[in-house]
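Everything below belongs to protein-v2.txt, which stores compact mmCIF, C-alpha atoms.
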```
# COMPACT_ATOMS: atom_id res chain seq x y z
CA MET A 1 -8.12 5.64 -3.41
CA ILE A 2 -8.14 2.34 -1.53
CA SER A 3 -9.26 0.44 -4.64
CA SER A 4 -6.48 2.04 -6.69
CA ASN A 5 -3.83 1.12 -4.10
CA LYS A 6 -5.10 -2.47 -3.93
CA ASN A 7 -5.03 -2.75 -7.73
CA THR A 8 -1.46 -1.40 -7.76
CA ASN A 9 -0.43 -3.91 -5.09
CA PHE A 10 -2.04 -6.74 -7.02
CA ILE A 11 -0.19 -5.80 -10.23
CA ARG A 12 3.11 -5.62 -8.33
CA GLN A 13 2.50 -9.01 -6.76
CA LEU A 14 1.55 -10.45 -10.14
CA ILE A 15 4.76 -9.20 -11.74
CA HIS A 16 6.81 -10.44 -8.78
CA LEU A 17 5.18 -13.88 -8.91
CA LEU A 18 5.62 -14.13 -12.67
CA LYS A 19 9.33 -13.42 -12.27
CA ARG A 20 9.73 -15.68 -9.23
CA GLU A 21 8.05 -18.68 -10.86
CA LYS A 22 9.54 -17.89 -14.27
CA ILE A 23 6.00 -17.76 -15.66
CA HIS A 24 7.09 -15.16 -18.20
CA LYS A 25 8.96 -17.98 -19.92
CA VAL A 26 5.76 -20.02 -20.03
CA MET A 27 3.94 -17.02 -21.51
CA LEU A 28 6.62 -16.62 -24.17
CA ALA A 29 6.35 -20.35 -24.93
CA ALA A 30 2.56 -20.03 -25.26
CA ILE A 31 2.95 -17.10 -27.66
CA ALA A 32 5.53 -19.08 -29.66
CA VAL A 33 3.14 -22.07 -29.91
CA LEU A 34 0.34 -19.71 -30.92
CA LEU A 35 2.34 -18.11 -33.74
CA PHE A 36 4.00 -21.35 -34.80
CA GLY A 37 0.68 -23.20 -34.93
CA SER A 38 -0.96 -20.35 -36.88
CA THR A 39 1.86 -20.31 -39.44
CA LEU A 40 1.86 -24.10 -39.92
CA ILE A 41 -1.93 -24.37 -40.24
CA MET A 42 -1.80 -21.69 -42.94
CA TYR A 43 0.86 -23.72 -44.70
CA PHE A 44 -1.13 -26.99 -44.67
CA GLU A 45 -4.58 -25.43 -45.00
CA GLN A 46 -3.84 -22.92 -47.74
CA LYS A 47 -7.33 -21.39 -47.83
CA ILE A 48 -7.08 -20.08 -44.23
CA ARG A 49 -6.08 -16.45 -43.72
CA PHE A 50 -3.65 -15.45 -40.93
CA SER A 51 -6.37 -13.81 -38.80
CA ASP A 52 -8.47 -16.97 -39.02
CA ALA A 53 -5.41 -19.13 -38.31
CA LEU A 54 -4.61 -17.06 -35.24
CA TRP A 55 -8.22 -17.39 -34.03
CA TRP A 56 -8.10 -21.16 -34.63
CA SER A 57 -4.87 -21.46 -32.61
CA ILE A 58 -6.34 -19.56 -29.66
CA VAL A 59 -9.52 -21.64 -29.67
CA THR A 60 -7.53 -24.87 -29.98
CA MET A 61 -5.00 -23.98 -27.25
CA THR A 62 -7.78 -23.17 -24.81
CA THR A 63 -9.58 -26.42 -25.81
CA VAL A 64 -12.78 -24.47 -26.52
CA GLY A 65 -13.15 -26.03 -29.97
CA TYR A 66 -15.92 -24.02 -31.65
CA GLY A 67 -15.54 -26.07 -34.85
CA ASP A 68 -15.92 -23.08 -37.17
CA ILE A 69 -12.42 -23.83 -38.52
CA SER A 70 -11.01 -27.35 -38.65
CA PRO A 71 -8.03 -28.85 -40.50
CA ALA A 72 -8.77 -31.21 -43.40
CA THR A 73 -5.21 -32.29 -44.26
CA THR A 74 -3.04 -34.79 -42.40
CA GLY A 75 -0.38 -32.13 -41.77
CA GLY A 76 -3.03 -29.74 -40.41
CA ARG A 77 -4.34 -32.37 -38.03
CA VAL A 78 -0.83 -33.11 -36.73
CA VAL A 79 -0.40 -29.37 -36.09
CA ALA A 80 -3.76 -29.30 -34.31
CA LEU A 81 -2.66 -32.19 -32.05
CA PHE A 82 0.56 -30.37 -31.19
CA VAL A 83 -1.30 -27.11 -30.43
CA MET A 84 -3.92 -28.88 -28.30
CA LEU A 85 -1.39 -30.80 -26.18
CA SER A 86 0.81 -27.74 -25.75
CA GLY A 87 -2.17 -25.54 -24.92
CA ILE A 88 -3.46 -27.85 -22.17
CA GLY A 89 -0.15 -27.68 -20.33
CA LEU A 90 0.70 -24.02 -20.88
CA ILE A 91 -2.76 -22.52 -20.31
CA GLY A 92 -3.31 -24.80 -17.31
CA LEU A 93 -0.07 -23.59 -15.76
CA LEU A 94 -0.98 -19.95 -16.32
CA THR A 95 -4.48 -20.24 -14.84
CA ALA A 96 -3.10 -22.15 -11.84
CA THR A 97 -0.61 -19.33 -11.27
CA ILE A 98 -3.33 -16.68 -11.32
CA ALA A 99 -5.37 -18.74 -8.82
CA THR A 100 -2.28 -19.03 -6.63
CA ILE A 101 -1.94 -15.23 -6.57
CA PHE A 102 -5.44 -14.80 -5.18
CA ILE A 103 -5.00 -17.55 -2.58
CA GLU A 104 -1.57 -16.35 -1.53
CA ASN A 105 -2.79 -12.76 -1.35
CA LYS A 106 -5.63 -13.73 1.01
CA LEU A 107 -3.36 -15.87 3.20
CA LEU A 108 -0.80 -13.07 3.50
CA GLU A 109 -3.54 -10.58 4.42
CA LYS A 110 -4.99 -12.91 7.05
CA ARG A 111 -1.58 -13.57 8.61
CA GLY A 112 -0.62 -9.90 8.52
CA VAL A 113 2.67 -10.33 6.72
CA LYS A 114 1.82 -8.07 3.78
CA GLU A 115 3.02 -4.49 3.65
CA THR A 116 0.22 -1.97 3.32
CA ASP A 117 0.36 0.82 0.74
CA ILE A 118 -2.06 3.44 2.05
CA SER A 119 -2.23 6.92 3.54
CA ASN A 120 -4.63 8.99 5.66
CA HIS A 121 -5.53 5.90 7.65
CA PHE A 122 -6.13 5.04 11.31
CA LEU A 123 -3.97 2.67 13.32
CA ILE A 124 -5.19 0.36 16.08
CA CYS A 125 -2.04 -0.69 17.90
CA GLY A 126 -2.49 -3.78 20.03
CA TRP A 127 -5.71 -5.74 20.38
CA ASN A 128 -8.14 -6.61 23.15
CA PHE A 129 -11.88 -7.19 23.62
CA LYS A 130 -12.58 -3.52 22.79
CA GLY A 131 -11.17 -3.83 19.26
CA ASN A 132 -14.33 -4.83 17.39
CA THR A 133 -16.37 -2.18 19.20
CA ILE A 134 -13.80 0.48 18.26
CA ILE A 135 -14.08 -0.42 14.59
CA SER A 136 -17.90 -0.42 14.78
CA GLU A 137 -17.87 3.02 16.39
CA MET A 138 -15.54 4.40 13.71
CA ARG A 139 -17.70 2.97 10.94
CA ALA A 140 -20.79 4.60 12.47
CA ASP A 141 -19.33 8.09 11.96
CA PRO A 142 -19.37 9.53 8.40
CA LYS A 143 -15.93 11.05 9.05
CA SER A 144 -14.33 7.60 9.27
CA ARG A 145 -16.98 5.35 7.68
CA TYR A 146 -14.82 4.54 4.64
CA SER A 147 -11.39 5.38 6.03
CA PRO A 148 -8.77 2.64 5.98
CA ILE A 149 -7.93 1.09 9.34
CA VAL A 150 -4.78 -0.91 10.03
CA ILE A 151 -4.63 -3.25 13.02
CA VAL A 152 -1.07 -3.74 14.30
CA ALA A 153 -0.72 -6.58 16.80
CA GLU A 154 1.34 -9.64 17.66
CA LEU A 155 -1.28 -12.19 16.63
CA ALA A 156 -1.27 -15.28 14.41
CA GLN A 157 -4.05 -13.95 12.17
CA ARG A 158 -6.34 -10.98 11.59
CA PRO A 159 -8.38 -10.55 14.80
CA ASP A 160 -11.41 -8.45 13.79
CA SER A 161 -14.67 -10.27 13.14
CA GLU A 162 -16.11 -7.80 10.61
CA ASN A 163 -15.75 -8.47 6.89
CA ASP A 164 -14.49 -4.98 6.06
CA ASP A 165 -12.23 -4.60 3.01
CA ASN A 166 -10.87 -1.32 4.37
CA VAL A 167 -9.57 -2.97 7.53
CA MET A 168 -6.06 -4.40 7.17
CA PHE A 169 -3.84 -6.35 9.54
CA VAL A 170 -0.07 -6.14 10.10
CA ASN A 171 1.46 -8.74 12.39
CA GLY A 172 4.33 -7.60 14.57
CA GLN A 173 5.43 -5.69 17.64
CA ILE A 174 5.35 -1.90 17.63
CA ASP A 175 8.81 -1.09 16.31
CA ALA A 176 10.27 0.86 13.40
CA ALA A 177 10.14 -2.09 10.98
CA THR A 178 6.46 -2.86 11.69
CA LEU A 179 5.47 0.82 11.65
CA LYS A 180 7.15 1.17 8.27
CA ARG A 181 5.12 -1.79 6.93
CA CYS A 182 1.86 -0.15 8.00
CA HIS A 183 2.97 3.32 6.79
CA ALA A 184 2.53 4.92 10.20
CA ASP A 185 4.26 8.03 8.82
CA LYS A 186 1.15 8.63 6.65
CA ALA A 187 -1.47 7.78 9.29
CA ILE A 188 -3.93 10.31 10.73
CA ALA A 189 -4.24 8.91 14.24
CA ALA A 190 -3.36 5.90 16.36
CA ILE A 191 -5.42 4.19 19.06
CA ILE A 192 -3.06 2.34 21.39
CA LEU A 193 -4.71 -0.46 23.38
CA SER A 194 -3.36 -2.23 26.45
CA ASP A 195 -2.21 -5.85 26.28
CA GLU A 196 -4.65 -8.07 28.20
CA SER A 197 -2.12 -10.89 28.48
CA LEU A 198 -0.01 -8.86 30.93
CA ASP A 199 -0.60 -7.65 34.49
CA SER A 200 -1.81 -4.06 34.91
CA TYR A 201 1.66 -2.60 35.65
CA SER A 202 3.29 -4.36 32.70
CA ARG A 203 0.35 -3.40 30.46
CA ASP A 204 0.92 0.30 31.05
CA ALA A 205 4.68 -0.06 30.68
CA LYS A 206 4.24 -1.72 27.27
CA THR A 207 1.60 0.82 26.23
CA ILE A 208 3.88 3.74 27.11
CA LEU A 209 6.77 2.13 25.23
CA ASN A 210 4.52 1.62 22.18
CA THR A 211 3.42 5.26 22.36
CA MET A 212 7.03 6.39 22.46
CA SER A 213 7.91 4.21 19.46
CA ILE A 214 5.00 5.56 17.40
CA LYS A 215 5.71 9.18 18.28
CA ASN A 216 9.39 8.70 17.51
CA PHE A 217 8.48 7.24 14.11
CA ASN A 218 5.88 9.92 13.32
CA PRO A 219 5.83 12.93 15.69
CA GLU A 220 2.79 14.39 13.89
CA ILE A 221 0.44 11.43 14.41
CA TYR A 222 -2.36 11.98 16.94
CA THR A 223 -2.27 9.29 19.63
CA CYS A 224 -5.16 8.16 21.85
CA VAL A 225 -3.80 5.87 24.57
CA GLU A 226 -5.54 3.43 26.90
CA LEU A 227 -3.99 3.14 30.37
CA MET A 228 -4.99 0.95 33.28
CA SER A 229 -3.73 3.21 36.07
CA ALA A 230 -3.89 6.99 36.47
CA LYS A 231 -0.49 6.83 38.23
CA ASN A 232 1.14 6.27 34.84
CA MET A 233 -0.41 9.27 33.08
CA GLU A 234 2.62 11.51 33.60
CA HIS A 235 4.94 8.94 32.02
CA CYS A 236 2.53 8.56 29.12
CA LYS A 237 2.47 12.32 28.56
CA ILE A 238 6.29 12.33 28.49
CA ALA A 239 6.10 9.58 25.85
CA GLY A 240 4.08 11.99 23.70
CA ALA A 241 0.48 10.80 24.09
CA ASP A 242 -2.05 13.37 22.90
CA GLU A 243 -5.05 11.90 24.71
CA ILE A 244 -5.01 9.43 27.59
CA ILE A 245 -7.97 7.32 28.66
CA VAL A 246 -7.72 5.60 32.05
CA ALA A 247 -10.13 2.68 31.63
CA GLY A 248 -10.85 1.93 35.28
CA GLU A 249 -11.16 5.58 36.26
CA ILE A 250 -13.88 6.37 33.70
CA SER A 251 -16.02 3.40 34.67
CA THR A 252 -15.61 4.29 38.36
CA ASN A 253 -16.69 7.89 37.74
CA LEU A 254 -19.74 6.73 35.77
CA LEU A 255 -20.76 4.36 38.57
CA VAL A 256 -20.60 7.20 41.09
CA GLN A 257 -22.57 9.55 38.82
CA GLY A 258 -25.19 6.84 38.28
CA ALA A 259 -25.62 6.44 42.03
CA LEU A 260 -25.85 10.19 42.69
CA ASN A 261 -27.80 11.20 39.57
CA HIS A 262 -29.99 8.28 38.60
CA GLY A 263 -30.07 7.49 34.87
CA ILE A 264 -27.37 10.00 33.88
CA THR A 265 -25.09 7.24 32.58
CA ARG A 266 -27.65 6.47 29.84
CA LEU A 267 -27.23 10.01 28.52
CA VAL A 268 -23.43 9.81 28.72
CA SER A 269 -23.45 6.48 26.88
CA GLU A 270 -25.62 7.96 24.14
CA ILE A 271 -23.52 11.05 23.42
CA VAL A 272 -20.20 9.16 23.36
CA SER A 273 -21.43 6.43 21.02
CA ASN A 274 -21.64 6.92 17.24
CA ARG A 275 -23.99 3.97 16.82
CA TYR A 276 -27.17 5.36 18.34
CA GLY A 277 -28.80 8.58 19.53
CA HIS A 278 -27.24 12.04 19.63
CA ASP A 279 -23.44 12.25 19.59
CA LEU A 280 -20.71 14.60 20.70
CA TYR A 281 -18.72 16.30 17.91
CA LYS A 282 -15.96 18.88 17.54
CA ILE A 283 -16.56 21.26 14.64
CA LYS A 284 -14.88 24.35 13.23
CA LEU A 285 -16.57 27.59 14.24
CA PRO A 286 -18.98 28.77 11.50
CA THR A 287 -17.72 32.08 10.11
CA TYR A 288 -20.96 33.95 10.89
CA LEU A 289 -20.48 33.29 14.63
CA ALA A 290 -16.94 34.71 14.94
CA GLY A 291 -16.76 37.65 17.37
CA LYS A 292 -20.02 36.82 19.16
CA ASN A 293 -20.22 35.86 22.81
CA PHE A 294 -20.83 32.28 23.91
CA PHE A 295 -24.46 32.88 24.88
CA GLN A 296 -25.24 34.25 21.40
CA VAL A 297 -23.39 31.35 19.76
CA MET A 298 -25.29 28.81 21.84
CA CYS A 299 -28.67 30.38 21.03
CA LEU A 300 -27.98 30.82 17.29
CA LEU A 301 -26.72 27.25 16.90
CA LYS A 302 -29.83 25.86 18.57
CA GLU A 303 -32.12 28.13 16.56
CA LYS A 304 -30.52 27.71 13.11
CA GLU A 305 -28.76 24.34 13.24
CA ASN A 306 -30.56 22.51 16.06
CA LEU A 307 -27.23 21.94 17.82
CA ILE A 308 -26.39 22.26 21.50
CA CYS A 309 -22.96 23.81 22.13
CA ILE A 310 -21.44 22.68 25.42
CA GLY A 311 -17.84 23.88 25.14
CA ILE A 312 -15.06 25.67 23.28
CA GLU A 313 -11.55 24.62 22.26
CA ASP A 314 -9.11 27.36 21.34
CA GLY A 315 -7.15 27.42 18.08
CA SER A 316 -4.04 25.91 19.66
CA GLY A 317 -5.95 22.74 20.51
CA LYS A 318 -4.47 22.75 24.01
CA ASN A 319 -7.21 24.49 25.99
CA MET A 320 -10.77 23.20 26.16
CA THR A 321 -13.46 24.83 28.27
CA ALA A 322 -16.83 23.28 29.09
CA ASN A 323 -19.73 25.74 29.43
CA PRO A 324 -17.73 29.01 29.15
CA ASP A 325 -19.07 32.24 30.65
CA ASN A 326 -21.90 33.88 28.72
CA ASP A 327 -19.73 36.88 27.76
CA TYR A 328 -16.82 34.76 26.48
CA ILE A 329 -16.02 36.08 22.97
CA VAL A 330 -15.67 33.26 20.47
CA LYS A 331 -12.68 33.70 18.16
CA GLU A 332 -12.42 32.84 14.48
CA ASP A 333 -9.99 29.94 15.01
CA ASP A 334 -11.96 28.37 17.90
CA TRP A 335 -13.59 24.94 17.72
CA LEU A 336 -17.01 24.09 19.10
CA LEU A 337 -18.03 21.02 21.08
CA VAL A 338 -21.61 20.27 20.12
CA ILE A 339 -24.27 17.60 20.60
CA SER A 340 -26.07 16.64 17.40
CA TRP A 341 -28.01 13.78 15.83
CA GLU A 342 -25.36 13.51 13.07
CA ARG A 343 -22.02 15.09 12.26
CA PRO A 344 -22.77 18.76 11.41
CA ASP A 345 -21.70 20.18 8.06
CA ILE A 346 -21.93 23.95 8.48
CA SER A 347 -19.69 26.89 7.67
```
If you convert what's in this file into structure tokens, what do you get?
Amino acid sequence: MISSNKNTNFIRQLIHLLKREKIHKVMLAAIAVLLFGSTLIMYFEQKIRFSDALWWSIVTMTTVGYGDISPATTGGRVVALFVMLSGIGLIGLLTATIATIFIENKLLEKRGVKETDISNHFLICGWNFKGNTIISEMRADPKSRYSPIVIVAELAQRPDSENDDNVMFVNGQIDAATLKRCHADKAIAAIILSDESLDSYSRDAKTILNTMSIKNFNPEIYTCVELMSAKNMEHCKIAGADEIIVAGEISTNLLVQGALNHGITRLVSEIVSNRYGHDLYKIKLPTYLAGKNFFQVMCLLKEKENLICIGIEDGSGKNMTANPDNDYIVKEDDWLLVISWERPDIS
């Protein structure tokens, strides 16, 4: 899908560049020289067929010069001189144009001024020191390993350090025009990062404004928002954020847990990272478990799938319960929160 979109973009850019630089006129001139040279060489070298004359013109224009066909008459040699001189200029101009397309395409990508043409992608809105780690975590999960990611930030050039062809960059502030360029209306989810260049209050204010702009542009997109202060969570919820992560609060809680329960932070770090160890996943309830109580579900998953179920989310996606009561009846549209070595694929 990504390859097809990139090929389509390249063809569009090629056509646009050909029109802009009037290269189509050069191509028509090259074709005219090709046909004119073939006709004249047939006239002066009467033993040459048209197919051979056409082959000779192509070889001569590109200055390859195989020597399998060569003019013997004075008129034929004059034609050959004309075709050679014309070919050097015309073919050189065409190849230079093609090279320009590749160079210009790379420069536009690096500067983030190209419009993307993708769907079912993830957005990273804003950029800070967490950006590269976020991309690495997403690439470590099979669910998003090959998914396109678009970075949207006010930066001079593409900020990520990984050489990933499925990561694109759009330069600009989070507004309707920029969101249109990155096709936010077709995106799956958006991660909204705080701006490190601002103070903590201004960071959250900008983050909330960006969340509001994204939700206004695409109400269906799932937004995960980074805040600096828990005091601003209510405003962020009003802006439409689906999940809010208060950076300082999480690290504080982990420090306290580490002090009270020595070593527990190592386990937490393992299950929330896709890059090593067991991970935490949300999966659809397997059909054979519908109607059973939580204790039965937990035992069967461990026995048959080697998974540990630690919680349930109801079908609405609004209520999540960690470690439900043993007699809680699991419904068909529920989701399970499980710990597993890799993303489970069960039904």
Problem - Gly126 of chain A environment, 7 Å, all atoms listed in the file, sequence neighbours closer than 2 positions dropped, as a PyMOL selection string - result: chain A and resi 124+152-153+192-195
I'd like a table as a Markdown table: residues in segment 53-150 of chain A with an atom no more than 10 Å from segment 171-175 of chain A, each row giving the shortest atom pair and its distance in Å to one decimal, only C-alpha atoms counted, sorted by chain and rising residue number.
```
| residue | atom | partner | partner_atom | distance |
| --- | --- | --- | --- | --- |
| A:Glu109 | CA | A:Asn171 | CA | 9.6 |
| A:Lys110 | CA | A:Asn171 | CA | 9.4 |
| A:Arg111 | CA | A:Asn171 | CA | 6.8 |
| A:Gly112 | CA | A:Asn171 | CA | 4.5 |
| A:Val113 | CA | A:Asn171 | CA | 6.0 |
| A:Lys114 | CA | A:Asn171 | CA | 8.6 |
| A:Glu115 | CA | A:Asn171 | CA | 9.8 |
| A:Cys125 | CA | A:Ile174 | CA | 7.5 |
| A:Gly126 | CA | A:Ile174 | CA | 8.4 |
```
Problem - All residues 7 Å or closer to Phe44 of chain A, only C-alpha atoms, same chain fewer than 2 positions away omitted, as a ChimeraX atom specification - result: /A:40-42,46,73,75-76
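As for atom CA of Phe294 of chain A and atom CA of Ile310 of chain A, they are spaced 9.7 Å apart.
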Problem - Top pick for closest residue to His183 of chain A, considering A:Gly92, A:Gly258, A:Pro159, A:Pro148 and counting only C-alpha atoms - result: A:Pro148
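Interatomic distance, atom CA of Ala290 of chain A against atom CA of Thr321 of chain A: 17.0 Å.
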Exercise for the section: Kindly indicate which residue among A:Lys143, A:Arg203, A:Arg77, A:Lys282 lies nearest to Asn128 of chain A, using all atoms listed in the file for the distances. Expected result: A:Arg203
Practice task
Measuring atom to atom with all atoms listed in the file, identify which of A:Ile191, A:Ala32, A:Ile245, A:Val338 is nearest to Gly311 of chain A.
Solution key: A:Val338
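Distances here use all atoms listed in the file; by that measure, the residue among A:Asn306, A:Val246, A:Ala187, A:Ile221 closest to Ser200 of chain A is A:Val246.
Within 7 Å of Cys224 of chain A, once all atoms listed in the file are used and residues closer than 4 positions along the same chain are dropped, the contacting residues are Ala190, Ile191, Ile192, Ala241, Asp242, Glu243 and Ile244 of chain A.
When all atoms listed in the file are used to measure the gap to Ser251 of chain A, the shortest distance among A:Ser269, A:Asn323, A:Thr95, A:Gln157 belongs to A:Ser269.
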